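Dropping run33.txt in here (compact mmCIF, C-alpha atoms):
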```txt
# COMPACT_ATOMS: atom_id res chain seq x y z
CA MET A 13 -106.45 -9.19 4.52
CA GLU A 14 -106.78 -6.25 6.94
CA LYS A 15 -107.46 -2.88 5.32
CA ARG A 16 -104.36 -1.46 7.01
CA ASP A 17 -102.12 -4.19 5.53
CA LEU A 18 -103.64 -3.63 2.13
CA SER A 19 -103.02 0.08 2.39
CA GLU A 20 -99.33 -0.55 3.17
CA ILE A 21 -98.91 -2.97 0.28
CA LEU A 22 -100.70 -0.64 -2.13
CA ARG A 23 -98.43 2.21 -1.06
CA HIS A 24 -95.55 0.37 -2.78
CA HIS A 25 -97.25 0.56 -6.15
CA PRO A 26 -96.10 3.61 -8.18
CA PHE A 27 -99.64 4.32 -9.38
CA VAL A 28 -100.97 5.08 -5.91
CA ASN A 29 -97.93 5.69 -3.72
CA ASP A 30 -98.66 9.43 -3.42
CA LEU A 31 -102.44 9.18 -3.14
CA SER A 32 -104.03 10.78 -0.04
CA GLU A 33 -105.07 8.49 2.77
CA HIS A 34 -108.73 9.36 2.18
CA HIS A 35 -108.62 8.53 -1.54
CA LEU A 36 -106.63 5.38 -0.90
CA HIS A 37 -109.36 4.17 1.41
CA ILE A 38 -111.98 4.78 -1.28
CA LEU A 39 -109.87 2.72 -3.69
CA ILE A 40 -109.45 -0.06 -1.16
CA SER A 41 -113.21 -0.32 -0.80
CA CYS A 42 -113.34 -1.60 -4.40
CA VAL A 43 -110.25 -3.84 -4.43
CA SER A 44 -109.61 -7.58 -4.49
CA ASN A 45 -106.45 -9.68 -4.73
CA VAL A 46 -106.17 -11.76 -7.89
CA ARG A 47 -103.79 -14.24 -9.51
CA PHE A 48 -103.60 -15.41 -13.10
CA THR A 49 -101.62 -18.27 -14.55
CA GLU A 50 -99.35 -18.12 -17.59
CA GLY A 51 -101.22 -18.85 -20.79
CA GLY A 52 -104.58 -17.63 -19.50
CA TYR A 53 -106.47 -14.50 -20.49
CA ILE A 54 -107.55 -11.76 -18.08
CA PHE A 55 -110.03 -10.25 -20.54
CA HIS A 56 -110.95 -10.32 -24.20
CA GLU A 57 -111.68 -7.62 -26.76
CA GLY A 58 -115.34 -6.56 -26.78
CA GLU A 59 -116.12 -7.76 -23.25
CA ASP A 60 -117.36 -5.33 -20.61
CA ALA A 61 -114.43 -3.52 -18.97
CA THR A 62 -115.43 -4.11 -15.39
CA LYS A 63 -112.02 -3.74 -13.73
CA PHE A 64 -108.55 -2.32 -13.83
CA TYR A 65 -105.46 -3.97 -12.38
CA LEU A 66 -102.30 -2.86 -10.62
CA ILE A 67 -99.70 -5.46 -11.43
CA ARG A 68 -97.58 -6.57 -8.48
CA GLU A 69 -95.74 -9.41 -10.21
CA GLY A 70 -95.66 -11.02 -13.62
CA LYS A 71 -96.34 -9.84 -17.12
CA VAL A 72 -99.36 -9.43 -19.41
CA ALA A 73 -99.33 -8.97 -23.20
CA LEU A 74 -102.02 -7.00 -24.98
CA GLU A 75 -103.01 -8.69 -28.21
CA ILE A 76 -105.00 -7.67 -31.25
CA GLN A 77 -106.55 -10.44 -33.31
CA SER A 78 -105.61 -9.59 -36.86
CA GLY A 79 -107.40 -12.33 -38.78
CA GLU A 80 -105.00 -13.94 -41.23
CA LYS A 81 -101.88 -12.99 -39.22
CA GLY A 82 -103.30 -14.32 -35.97
CA ALA A 83 -102.66 -12.52 -32.69
CA ILE A 84 -100.29 -9.55 -32.76
CA ARG A 85 -98.81 -8.45 -29.46
CA VAL A 86 -98.61 -4.67 -29.18
CA GLN A 87 -97.62 -3.99 -25.59
CA THR A 88 -96.59 -5.72 -22.40
CA ILE A 89 -97.52 -4.58 -18.93
CA GLY A 90 -95.48 -5.67 -15.94
CA GLU A 91 -94.69 -5.10 -12.32
CA GLY A 92 -95.53 -1.61 -11.08
CA GLU A 93 -97.74 -0.82 -14.06
CA VAL A 94 -101.47 -0.39 -14.68
CA LEU A 95 -103.52 -2.75 -16.81
CA GLY A 96 -106.74 -1.38 -18.24
CA TRP A 97 -108.24 2.07 -18.62
CA SER A 98 -111.48 1.19 -20.41
CA TRP A 99 -113.39 0.99 -17.10
CA ILE A 100 -113.33 4.80 -16.98
CA VAL A 101 -114.12 5.57 -20.63
CA SER A 102 -117.60 4.94 -22.02
CA PRO A 103 -118.79 2.50 -23.40
CA TYR A 104 -116.58 0.53 -20.96
CA LYS A 105 -115.48 -2.23 -23.34
CA TRP A 106 -112.04 -3.84 -23.67
CA HIS A 107 -110.18 -3.06 -26.89
CA TYR A 108 -107.60 -5.86 -26.64
CA ASP A 109 -107.11 -9.36 -25.36
CA ALA A 110 -104.90 -9.53 -22.26
CA CYS A 111 -102.78 -12.69 -22.26
CA VAL A 112 -100.75 -13.69 -19.19
CA ILE A 113 -97.18 -14.44 -20.26
CA ASP A 114 -95.67 -14.67 -16.75
CA ASP A 115 -97.79 -15.67 -13.74
CA VAL A 116 -99.49 -12.54 -12.44
CA ARG A 117 -100.30 -11.30 -8.96
CA ALA A 118 -102.34 -8.11 -9.03
CA PHE A 119 -104.85 -5.90 -7.30
CA ALA A 120 -108.13 -5.80 -9.21
CA PHE A 121 -110.38 -2.75 -8.79
CA ASP A 122 -114.08 -2.97 -9.55
CA GLY A 123 -114.82 -0.42 -12.27
CA LYS A 124 -118.53 -0.01 -11.57
CA CYS A 125 -117.87 0.48 -7.86
CA LEU A 126 -115.19 3.07 -8.66
CA ARG A 127 -117.35 4.94 -11.16
CA THR A 128 -120.02 5.30 -8.46
CA LYS A 129 -117.40 6.61 -6.02
CA CYS A 130 -116.09 9.04 -8.67
CA GLU A 131 -119.60 10.43 -9.20
CA ALA A 132 -120.15 10.75 -5.47
CA ASP A 133 -116.79 12.39 -4.75
CA HIS A 134 -115.60 14.54 -7.63
CA ASP A 135 -112.24 15.19 -5.97
CA PHE A 136 -111.62 11.47 -6.01
CA GLY A 137 -112.95 11.30 -9.58
CA TYR A 138 -110.58 14.07 -10.66
CA GLU A 139 -107.67 12.24 -9.02
CA MET A 140 -108.54 9.11 -10.99
CA ILE A 141 -108.88 11.08 -14.24
CA LYS A 142 -105.48 12.72 -13.69
CA ARG A 143 -103.78 9.39 -13.09
CA PHE A 144 -105.46 7.56 -15.95
CA SER A 145 -104.77 10.50 -18.28
CA GLN A 146 -101.08 9.84 -17.63
CA VAL A 147 -101.54 6.16 -18.44
CA LEU A 148 -103.34 7.12 -21.66
CA GLU A 149 -100.69 9.72 -22.54
CA GLN A 150 -97.90 7.18 -22.10
CA ASN A 151 -99.79 4.67 -24.23
CA LEU A 152 -100.44 7.27 -26.92
CA LYS A 153 -96.79 8.37 -27.00
CA ALA A 154 -95.63 4.77 -27.17
CA ALA A 155 -98.11 3.96 -29.96
CA ARG A 156 -96.95 6.97 -32.01
CA TYR A 157 -93.34 6.03 -31.47
CA GLN A 158 -94.04 2.45 -32.57
CA VAL A 159 -95.93 3.67 -35.66
CA MET A 160 -92.87 5.72 -36.63
CA ASP A 161 -91.02 2.43 -36.97
CA VAL A 162 -87.79 4.15 -35.92
CA TYR A 163 -85.68 1.04 -36.33
CA GLY A 164 -87.25 0.29 -39.71
CA ARG A 165 -85.52 -0.56 -42.93
CA MET B 28 -58.54 10.78 -29.60
CA ASN B 29 -58.30 10.73 -33.41
CA SER B 30 -55.42 8.45 -34.25
CA ASN B 31 -55.51 9.06 -37.98
CA VAL B 32 -55.58 12.68 -39.04
CA GLY B 33 -53.60 13.86 -42.04
CA ILE B 34 -52.93 13.00 -45.68
CA ASP B 35 -52.44 9.28 -44.94
CA SER B 36 -55.86 9.12 -43.41
CA MET B 37 -57.35 9.70 -46.86
CA ILE B 38 -55.65 6.60 -48.33
CA PRO B 39 -57.38 3.31 -47.65
CA VAL B 40 -55.46 0.17 -46.79
CA HIS B 41 -56.55 -3.22 -48.05
CA ALA B 42 -58.56 -5.26 -45.57
CA HIS B 43 -59.37 -8.94 -46.06
CA ILE B 44 -62.74 -10.31 -45.06
CA ARG B 45 -61.98 -13.17 -42.67
CA LYS B 46 -65.56 -13.99 -41.72
CA ILE B 47 -69.11 -12.84 -42.37
CA VAL B 48 -71.78 -13.32 -39.69
CA TRP B 49 -75.40 -12.65 -40.57
CA GLU B 50 -76.94 -11.18 -37.43
CA THR B 51 -80.44 -10.67 -38.88
CA GLU B 52 -82.12 -10.82 -42.27
CA ASP B 53 -80.57 -7.50 -43.33
CA THR B 54 -77.70 -6.91 -40.91
CA PHE B 55 -74.35 -8.64 -40.98
CA THR B 56 -70.93 -8.38 -39.36
CA LEU B 57 -67.74 -8.28 -41.43
CA LEU B 58 -64.62 -9.42 -39.58
CA LEU B 59 -61.72 -7.66 -41.29
CA GLU B 60 -57.96 -8.08 -41.18
CA PRO B 61 -55.98 -5.14 -42.56
CA ASP B 62 -53.01 -5.92 -44.85
CA ASN B 63 -50.51 -5.42 -42.05
CA GLY B 64 -52.26 -8.10 -40.02
CA GLY B 65 -53.92 -5.52 -37.83
CA SER B 66 -50.84 -5.16 -35.62
CA GLY B 67 -50.87 -1.36 -35.83
CA PHE B 68 -54.61 -1.00 -35.59
CA HIS B 69 -55.90 0.28 -32.28
CA PHE B 70 -59.25 1.88 -31.63
CA PHE B 71 -61.38 3.25 -28.83
CA PRO B 72 -64.97 2.08 -28.25
CA GLY B 73 -67.24 4.32 -30.31
CA GLN B 74 -64.80 5.03 -33.16
CA PHE B 75 -65.64 4.20 -36.76
CA ASN B 76 -63.88 3.27 -40.00
CA MET B 77 -64.59 4.36 -43.56
CA LEU B 78 -65.07 1.12 -45.49
CA TYR B 79 -64.58 1.30 -49.25
CA ALA B 80 -66.29 -0.94 -51.80
CA PHE B 81 -63.92 -0.51 -54.72
CA GLY B 82 -65.52 1.33 -57.61
CA VAL B 83 -68.73 1.92 -55.67
CA GLY B 84 -68.11 4.16 -52.67
CA GLU B 85 -67.38 4.52 -48.99
CA SER B 86 -69.52 4.18 -45.93
CA ALA B 87 -68.84 5.13 -42.30
CA ILE B 88 -69.21 2.02 -40.16
CA SER B 89 -68.74 1.79 -36.39
CA ILE B 90 -66.29 -0.74 -35.06
CA SER B 91 -68.16 -3.36 -33.06
CA SER B 92 -65.41 -5.66 -31.76
CA ASP B 93 -63.32 -5.88 -28.61
CA PRO B 94 -60.83 -2.98 -28.54
CA SER B 95 -58.27 -5.16 -26.74
CA LYS B 96 -57.99 -7.34 -29.84
CA ASN B 97 -56.68 -5.92 -33.10
CA ASP B 98 -57.21 -8.90 -35.38
CA ASN B 99 -60.59 -9.56 -36.99
CA ILE B 100 -61.92 -6.04 -36.57
CA ALA B 101 -65.71 -6.31 -36.58
CA HIS B 102 -68.09 -3.96 -38.39
CA THR B 103 -71.81 -4.63 -38.07
CA ILE B 104 -73.58 -3.29 -41.13
CA HIS B 105 -77.24 -2.65 -41.85
CA ARG B 106 -77.96 -3.17 -45.55
CA VAL B 107 -79.71 0.07 -46.47
CA GLY B 108 -77.98 1.64 -49.51
CA THR B 109 -75.77 0.98 -52.51
CA VAL B 110 -72.46 0.58 -50.68
CA THR B 111 -73.83 -1.56 -47.88
CA SER B 112 -75.68 -3.72 -50.42
CA VAL B 113 -72.37 -4.38 -52.18
CA PHE B 114 -70.76 -5.28 -48.84
CA SER B 115 -73.60 -7.72 -48.21
CA GLN B 116 -72.71 -9.62 -51.38
CA LEU B 117 -69.01 -10.06 -50.57
CA GLU B 118 -67.51 -13.34 -49.48
CA LYS B 119 -64.79 -14.57 -47.18
CA GLY B 120 -61.39 -13.68 -48.69
CA ASP B 121 -62.63 -10.64 -50.61
CA VAL B 122 -60.79 -7.38 -50.14
CA ILE B 123 -62.20 -3.95 -49.35
CA GLY B 124 -60.62 -0.58 -48.50
CA LEU B 125 -60.38 0.66 -44.93
CA ARG B 126 -59.56 4.11 -43.56
CA GLY B 127 -59.58 4.86 -39.88
CA PRO B 128 -60.22 4.69 -37.05
CA PHE B 129 -61.93 8.08 -36.87
CA GLY B 130 -63.82 10.09 -34.31
CA ASN B 131 -63.62 10.18 -30.54
CA GLY B 132 -65.22 7.50 -28.46
CA TRP B 133 -67.42 6.70 -25.48
CA PRO B 134 -66.28 7.94 -22.06
CA VAL B 135 -65.12 4.54 -20.76
CA GLU B 136 -62.39 6.14 -18.63
CA LYS B 137 -64.76 8.70 -17.08
CA ALA B 138 -67.21 5.91 -16.32
CA LYS B 139 -64.75 4.08 -14.09
CA GLY B 140 -66.06 3.86 -10.54
CA LYS B 141 -69.59 4.54 -11.72
CA ASP B 142 -72.67 2.63 -12.82
CA VAL B 143 -73.17 2.60 -16.57
CA CYS B 144 -76.57 2.72 -18.24
CA ILE B 145 -76.46 1.91 -21.95
CA VAL B 146 -79.64 2.65 -23.88
CA THR B 147 -79.73 1.64 -27.50
CA GLY B 148 -81.98 0.73 -30.36
CA GLY B 149 -81.61 -1.19 -33.61
CA ILE B 150 -78.13 -1.09 -35.13
CA GLY B 151 -77.15 1.35 -32.33
CA LEU B 152 -76.00 -1.59 -30.23
CA ALA B 153 -73.04 -2.14 -32.59
CA PRO B 154 -70.95 0.92 -31.56
CA LEU B 155 -71.73 0.21 -27.91
CA ARG B 156 -70.62 -3.41 -27.95
CA PRO B 157 -66.94 -2.37 -27.62
CA VAL B 158 -67.91 -0.42 -24.47
CA LEU B 159 -69.34 -3.58 -22.96
CA TYR B 160 -66.21 -5.54 -23.91
CA SER B 161 -64.03 -2.84 -22.31
CA ILE B 162 -66.08 -2.91 -19.13
CA PHE B 163 -66.05 -6.70 -18.93
CA ASN B 164 -62.26 -6.71 -19.53
CA ASN B 165 -61.89 -4.41 -16.51
CA ARG B 166 -64.96 -5.45 -14.56
CA ARG B 167 -63.83 -4.41 -11.09
CA GLU B 168 -63.36 -0.82 -12.18
CA TYR B 169 -67.07 -0.27 -12.87
CA GLY B 170 -70.26 -0.45 -10.84
CA LYS B 171 -73.57 -1.89 -12.01
CA ILE B 172 -74.20 -2.18 -15.73
CA PHE B 173 -77.62 -1.68 -17.30
CA LEU B 174 -78.22 -2.44 -20.96
CA LEU B 175 -81.63 -1.36 -22.29
CA TYR B 176 -82.06 -2.44 -25.89
CA GLY B 177 -84.96 -1.85 -28.26
CA ALA B 178 -85.51 -3.45 -31.65
CA ARG B 179 -88.18 -3.62 -34.28
CA SER B 180 -89.00 -7.28 -33.71
CA PRO B 181 -87.38 -10.34 -32.08
CA LEU B 182 -85.89 -11.26 -35.46
CA ASP B 183 -84.12 -7.88 -35.61
CA LEU B 184 -82.17 -8.35 -32.37
CA LEU B 185 -78.40 -8.22 -32.77
CA TYR B 186 -75.89 -10.42 -30.89
CA ARG B 187 -78.58 -12.63 -29.39
CA VAL B 188 -76.17 -15.17 -27.91
CA GLU B 189 -74.11 -12.44 -26.24
CA LEU B 190 -77.21 -10.67 -24.92
CA GLU B 191 -78.17 -13.85 -23.12
CA LYS B 192 -74.64 -14.33 -21.81
CA TRP B 193 -74.34 -10.73 -20.58
CA GLY B 194 -77.72 -10.96 -18.86
CA LYS B 195 -76.44 -13.80 -16.68
CA MET B 196 -73.40 -11.87 -15.46
CA LYS B 197 -73.27 -10.53 -11.90
CA ASP B 198 -74.42 -6.91 -11.53
CA VAL B 199 -75.35 -6.73 -15.20
CA THR B 200 -79.00 -6.12 -16.11
CA VAL B 201 -80.01 -6.68 -19.71
CA GLN B 202 -83.54 -5.64 -20.66
CA VAL B 203 -84.75 -6.08 -24.22
CA ILE B 204 -87.93 -4.74 -25.76
CA VAL B 205 -89.42 -4.98 -29.25
CA ASP B 206 -91.92 -2.86 -31.15
CA ARG B 207 -93.94 -5.75 -32.51
CA CYS B 208 -94.01 -9.52 -32.42
CA ASP B 209 -96.12 -12.62 -32.58
CA THR B 210 -97.17 -14.77 -29.63
CA SER B 211 -93.90 -16.74 -29.50
CA TRP B 212 -92.07 -13.77 -27.90
CA LYS B 213 -92.23 -13.77 -24.09
CA GLY B 214 -90.23 -10.60 -23.53
CA HIS B 215 -91.22 -6.94 -23.28
CA ILE B 216 -93.16 -5.15 -26.02
CA GLY B 217 -93.22 -1.38 -26.40
CA VAL B 218 -90.73 1.46 -26.55
CA VAL B 219 -87.25 1.32 -25.08
CA THR B 220 -87.97 4.03 -22.48
CA LYS B 221 -90.52 1.70 -20.88
CA LEU B 222 -87.60 -0.40 -19.65
CA PHE B 223 -86.62 2.30 -17.14
CA SER B 224 -89.65 1.17 -15.10
CA TYR B 225 -87.90 -2.13 -14.43
CA ILE B 226 -84.53 -0.86 -13.23
CA LYS B 227 -83.38 1.28 -10.33
CA LEU B 228 -80.68 3.79 -11.22
CA ASN B 229 -78.36 5.46 -8.77
CA THR B 230 -78.75 8.62 -10.81
CA ALA B 231 -75.98 10.67 -9.19
CA ASN B 232 -73.42 7.98 -9.90
CA THR B 233 -74.52 6.83 -13.35
CA ILE B 234 -73.01 7.55 -16.74
CA ALA B 235 -75.57 7.06 -19.52
CA MET B 236 -74.57 6.23 -23.08
CA ILE B 237 -77.24 6.37 -25.78
CA CYS B 238 -77.09 5.33 -29.41
CA GLY B 239 -79.96 4.85 -31.80
CA PRO B 240 -82.34 6.78 -34.02
CA GLU B 241 -82.46 10.45 -33.01
CA ILE B 242 -86.11 10.29 -32.01
CA MET B 243 -85.32 7.37 -29.70
CA MET B 244 -82.44 9.32 -28.16
CA LYS B 245 -84.71 12.33 -27.62
CA PHE B 246 -87.25 10.31 -25.62
CA THR B 247 -84.47 8.55 -23.71
CA ILE B 248 -82.85 11.86 -22.73
CA GLN B 249 -86.25 13.10 -21.46
CA GLU B 250 -86.66 9.94 -19.39
CA LEU B 251 -83.15 10.06 -17.92
CA SER B 252 -83.56 13.72 -17.14
CA GLN B 253 -86.93 13.15 -15.41
CA ARG B 254 -85.31 10.45 -13.33
CA GLY B 255 -82.61 12.88 -12.21
CA VAL B 256 -79.53 11.89 -14.22
CA PRO B 257 -77.52 15.13 -14.67
CA LEU B 258 -77.26 16.17 -18.33
CA GLU B 259 -73.46 16.24 -18.23
CA GLN B 260 -73.52 12.51 -17.37
CA ILE B 261 -75.47 11.68 -20.54
CA TYR B 262 -73.53 10.88 -23.74
CA ILE B 263 -75.02 10.33 -27.17
CA SER B 264 -73.63 9.19 -30.50
CA MET B 265 -74.73 11.30 -33.46
CA GLU B 266 -75.21 9.96 -36.94
CA ARG B 267 -74.60 12.22 -39.91
CA ASN B 268 -73.49 11.77 -43.51
CA MET B 269 -69.76 11.30 -43.04
CA LYS B 270 -67.44 11.47 -46.03
CA CYS B 271 -63.85 12.48 -45.29
CA GLY B 272 -63.75 11.36 -41.65
CA ILE B 273 -61.35 14.11 -40.61
CA GLY B 274 -63.45 17.29 -40.48
CA LEU B 275 -62.49 18.72 -43.87
CA CYS B 276 -65.44 18.22 -46.19
CA GLY B 277 -68.21 19.49 -43.91
CA HIS B 278 -70.81 16.88 -44.88
CA CYS B 279 -71.35 15.87 -41.27
CA GLN B 280 -71.46 19.37 -39.81
CA CYS B 281 -73.90 19.82 -36.92
CA GLY B 282 -73.84 23.48 -35.90
CA PRO B 283 -70.18 24.28 -35.19
CA LYS B 284 -69.31 20.60 -34.70
CA PHE B 285 -68.02 18.08 -37.19
CA VAL B 286 -69.57 14.79 -36.16
CA CYS B 287 -66.73 12.78 -37.72
CA LYS B 288 -63.96 14.65 -35.89
CA ASP B 289 -65.53 16.23 -32.78
CA GLY B 290 -67.87 13.26 -32.31
CA PRO B 291 -69.60 11.01 -33.04
CA VAL B 292 -69.92 10.84 -29.24
CA PHE B 293 -70.90 14.03 -27.45
CA ALA B 294 -71.68 14.88 -23.86
CA LEU B 295 -75.26 16.09 -24.04
CA PRO B 296 -74.59 19.75 -23.07
CA GLN B 297 -72.19 20.01 -26.05
CA ILE B 298 -74.87 19.21 -28.58
CA SER B 299 -78.32 19.45 -26.99
CA HIS B 300 -79.18 22.89 -28.38
CA PHE B 301 -78.71 21.59 -31.94
CA LEU B 302 -80.77 18.44 -31.52
CA GLU B 303 -84.16 20.02 -32.05
CA LYS B 304 -83.20 22.63 -34.64
CA LYS B 305 -84.57 21.96 -38.08
CA GLU B 306 -82.14 21.27 -40.92
CA ILE B 307 -79.08 20.95 -38.67
```
Could I get this file's structure written as structure tokens?
Amino acid sequence: MEKRDLSEILRHHPFVNDLSEHHLHILISCVSNVRFTEGGYIFHEGEDATKFYLIREGKVALEIQSGEKGAIRVQTIGEGEVLGWSWIVSPYKWHYDACVIDDVRAFAFDGKCLRTKCEADHDFGYEMIKRFSQVLEQNLKAARYQVMDVYGR
Amino acid sequence: MNSNVGIDSMIPVHAHIRKIVWETEDTFTLLLEPDNGGSGFHFFPGQFNMLYAFGVGESAISISSDPSKNDNIAHTIHRVGTVTSVFSQLEKGDVIGLRGPFGNGWPVEKAKGKDVCIVTGGIGLAPLRPVLYSIFNNRREYGKIFLLYGARSPLDLLYRVELEKWGKMKDVTVQVIVDRCDTSWKGHIGVVTKLFSYIKLNTANTIAMICGPEIMMKFTIQELSQRGVPLEQIYISMERNMKCGIGLCGHCQCGPKFVCKDGPVFALPQISHFLEKKEI
């Protein structure tokens, strides 16, 4: 796919739709198109977090293996959302399993490539940190809200 | 909008249980027929009745049935305390006391010509079900309908058959999300506000109606506000300890408002400054 086409498609994703042209081009230099089929896993807990994903279609469930209770699903990530932040936080390991529950089309971004770009261009790095801080904040708020068990008995 | 204010409103009528539907493990719907056959019983979506377990006590329960039908008045009840536990043990044919209907209701008239976004969690869907019935009874008078519904788990979802039916209707979007689940659930997992990512609101022309735990309503208001829905187009239903139902006893007071009489439904600007004050 031409870089220009990719740039136009990426512009539709809420995570990057207001990114500067220059920073978008840096992102595009680390991107690939990926598809995953329902029932498969994109990554597993403990593996190296080598990528993050912008979901274009489909749905992924994050699972924690709880031993005797089996897998517990704690969050779903769907169209227009971001899957994975561990690529930017040392020691770069996944904390969950990511199970595909609806066929997924996504952009995958190479974490190691991006970390190198972030080190080389701190403005770009700061832009990534700002955006992923929002992802982390939303996840933290949601986790606290779920812990409150507001609909509980 | 109160239809029952005065001495008579303190005297319960007998109501016969015509049917009991268990919605979840701890939530059930009582279909009641008042002694007069229900012929004089009319209510607005969002109103509630005081249901009386003889010799035990009363509990304020929202009416959850179709307001165009006055037989088999539905009350969906979460078993959480003494009175609701007694209700959960009753059987078809048993008699309880009923006072009401009390309170105002949802702005179904004001919403005509507009899109309606209903955001609810847990048992909060019950007082909003009559809104959906009203809209579907007069479908052409409303725009797009969005129902965003959060629950603790898939097993805690109310009205599952109707949710599926509503979701297949034209210009009706039903999005459901749960806090936790096992791998058999294929729907969304997370908090109810996450569902806003999957819908597109025409914010200037949308009336939002929210009912659920106060913390859920707080986050939902923030989300609606960030998306540009004017505060005066947001309505919430408050829950307080209601006793008399007619604004006399003061148990449900929230600042200068009596939730039973002035509410339970409020336009957000009427009540927003009391929402975050401690001990109100």
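As for CA of Asp30 (chain A) and CA of Arg127 (chain A), they are spaced 20.7 Å apart.
If you look at CA of Ala87 (chain B) and CA of Ile44 (chain B), they are 16.8 Å away from each other.
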Nearest to Ser252 (chain B): which of B:Val83, B:Leu295, B:Val40, B:Val110 is it, counting all atoms listed in the file? B:Leu295
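In this comparison, which uses only C-alpha atoms, the residue of A:Gly164, A:Pro26, A:Gly96, A:Gly137 approaching Leu74 (chain A) most closely is A:Gly96.
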Å distance separating CA of Pro296 (chain B) from CA of Phe129 (chain B), one decimal place: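 So the answer is 22.1 Å.
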Return the single residue from B:Gln249, B:Glu50, B:Tyr160, B:Pro291 that is closest to Asn268 (chain B), with distances computed using all atoms listed in the file. B:Pro291
Neighbour residues at most 8 Å from (-97.5, -5.1, -10.0) (all atoms listed in the file) as a list in words: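 These residues have at least one counted atom within 8 Å: His25, Leu66, Ile67, Arg68, Glu69, Gly70, Gly90, Glu91, Gly92, Glu93, Val94, Arg117, Ala118 and Phe119 of chain A.
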Counting all atoms listed in the file, what is within 12 Å of region 190-195 of chain B, bar same-chain residues fewer than 6 positions away, as a PDB file with C-alpha atoms, in the frame of the given file?
```
ATOM      1  CA  LEU B 152     -76.000  -1.590 -30.230  1.00  0.00           C
ATOM      2  CA  ARG B 156     -70.620  -3.410 -27.950  1.00  0.00           C
ATOM      3  CA  LEU B 159     -69.340  -3.580 -22.960  1.00  0.00           C
ATOM      4  CA  TYR B 160     -66.210  -5.540 -23.910  1.00  0.00           C
ATOM      5  CA  ILE B 162     -66.080  -2.910 -19.130  1.00  0.00           C
ATOM      6  CA  PHE B 163     -66.050  -6.700 -18.930  1.00  0.00           C
ATOM      7  CA  ILE B 172     -74.200  -2.180 -15.730  1.00  0.00           C
ATOM      8  CA  PHE B 173     -77.620  -1.680 -17.300  1.00  0.00           C
ATOM      9  CA  LEU B 174     -78.220  -2.440 -20.960  1.00  0.00           C
ATOM     10  CA  LEU B 175     -81.630  -1.360 -22.290  1.00  0.00           C
ATOM     11  CA  TYR B 176     -82.060  -2.440 -25.890  1.00  0.00           C
ATOM     12  CA  LEU B 184     -82.170  -8.350 -32.370  1.00  0.00           C
ATOM     13  CA  VAL B 201     -80.010  -6.680 -19.710  1.00  0.00           C
ATOM     14  CA  GLN B 202     -83.540  -5.640 -20.660  1.00  0.00           C
ATOM     15  CA  VAL B 203     -84.750  -6.080 -24.220  1.00  0.00           C
TER      16      VAL B 203
END
```
Skip Gly52 (chain A) itself and residues of its chain fewer than 4 positions away, then list as an MDAnalysis selection string all residues within 9 Å of it, counting only C-alpha atoms. chainID A and resid 48 110:113
I'd like to know which of B:Phe285, B:Phe293, B:Tyr225, B:Tyr79 is closest to chain A, using all atoms listed in the file. B:Tyr225
Please find the residues of chain B near chain A - the criterion being any atom within 7 Å, counting all atoms listed in the file - and write them as a list in words.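 Written out as asked, the residues are Val107, Gly149, Ala178, Arg179, Asp206, Arg207, Cys208, Asp209, Thr210, Lys213, His215, Ile216, Gly217, Val218 and Pro240 of chain B.
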Pull C-alpha atoms from the residues just selected and write them as a compact mmCIF listing (two decimals), in the coordinates of the input.
```txt
# COMPACT_ATOMS: atom_id res chain seq x y z
CA VAL B 107 -79.71 0.07 -46.47
CA GLY B 149 -81.61 -1.19 -33.61
CA ALA B 178 -85.51 -3.45 -31.65
CA ARG B 179 -88.18 -3.62 -34.28
CA ASP B 206 -91.92 -2.86 -31.15
CA ARG B 207 -93.94 -5.75 -32.51
CA CYS B 208 -94.01 -9.52 -32.42
CA ASP B 209 -96.12 -12.62 -32.58
CA THR B 210 -97.17 -14.77 -29.63
CA LYS B 213 -92.23 -13.77 -24.09
CA HIS B 215 -91.22 -6.94 -23.28
CA ILE B 216 -93.16 -5.15 -26.02
CA GLY B 217 -93.22 -1.38 -26.40
CA VAL B 218 -90.73 1.46 -26.55
CA PRO B 240 -82.34 6.78 -34.02
```
Close residues, Phe144 (chain A) itself excluded, 10 Å, all atoms listed in the file, min 5 positions apart in chain, as an MDAnalysis selection string: chainID A and resid 27 94 96:98 100 138:139 149:150
Selected residue of minimal separation from Met140 (chain A) among A:Leu152, A:Ile40, A:Leu18, A:Leu126, counting only C-alpha atoms: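 Nearest candidate to Met140 (chain A) out of A:Leu152, A:Ile40, A:Leu18, A:Leu126: A:Leu126.
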For Lys284 (chain B), please output as a PyMOL selection string all residues within 12 Å (counting all atoms listed in the file; exclusion window: fewer than 3 positions along the same chain). chain B and resi 130+265+267+273-275+277-281+287-293+297-301+307
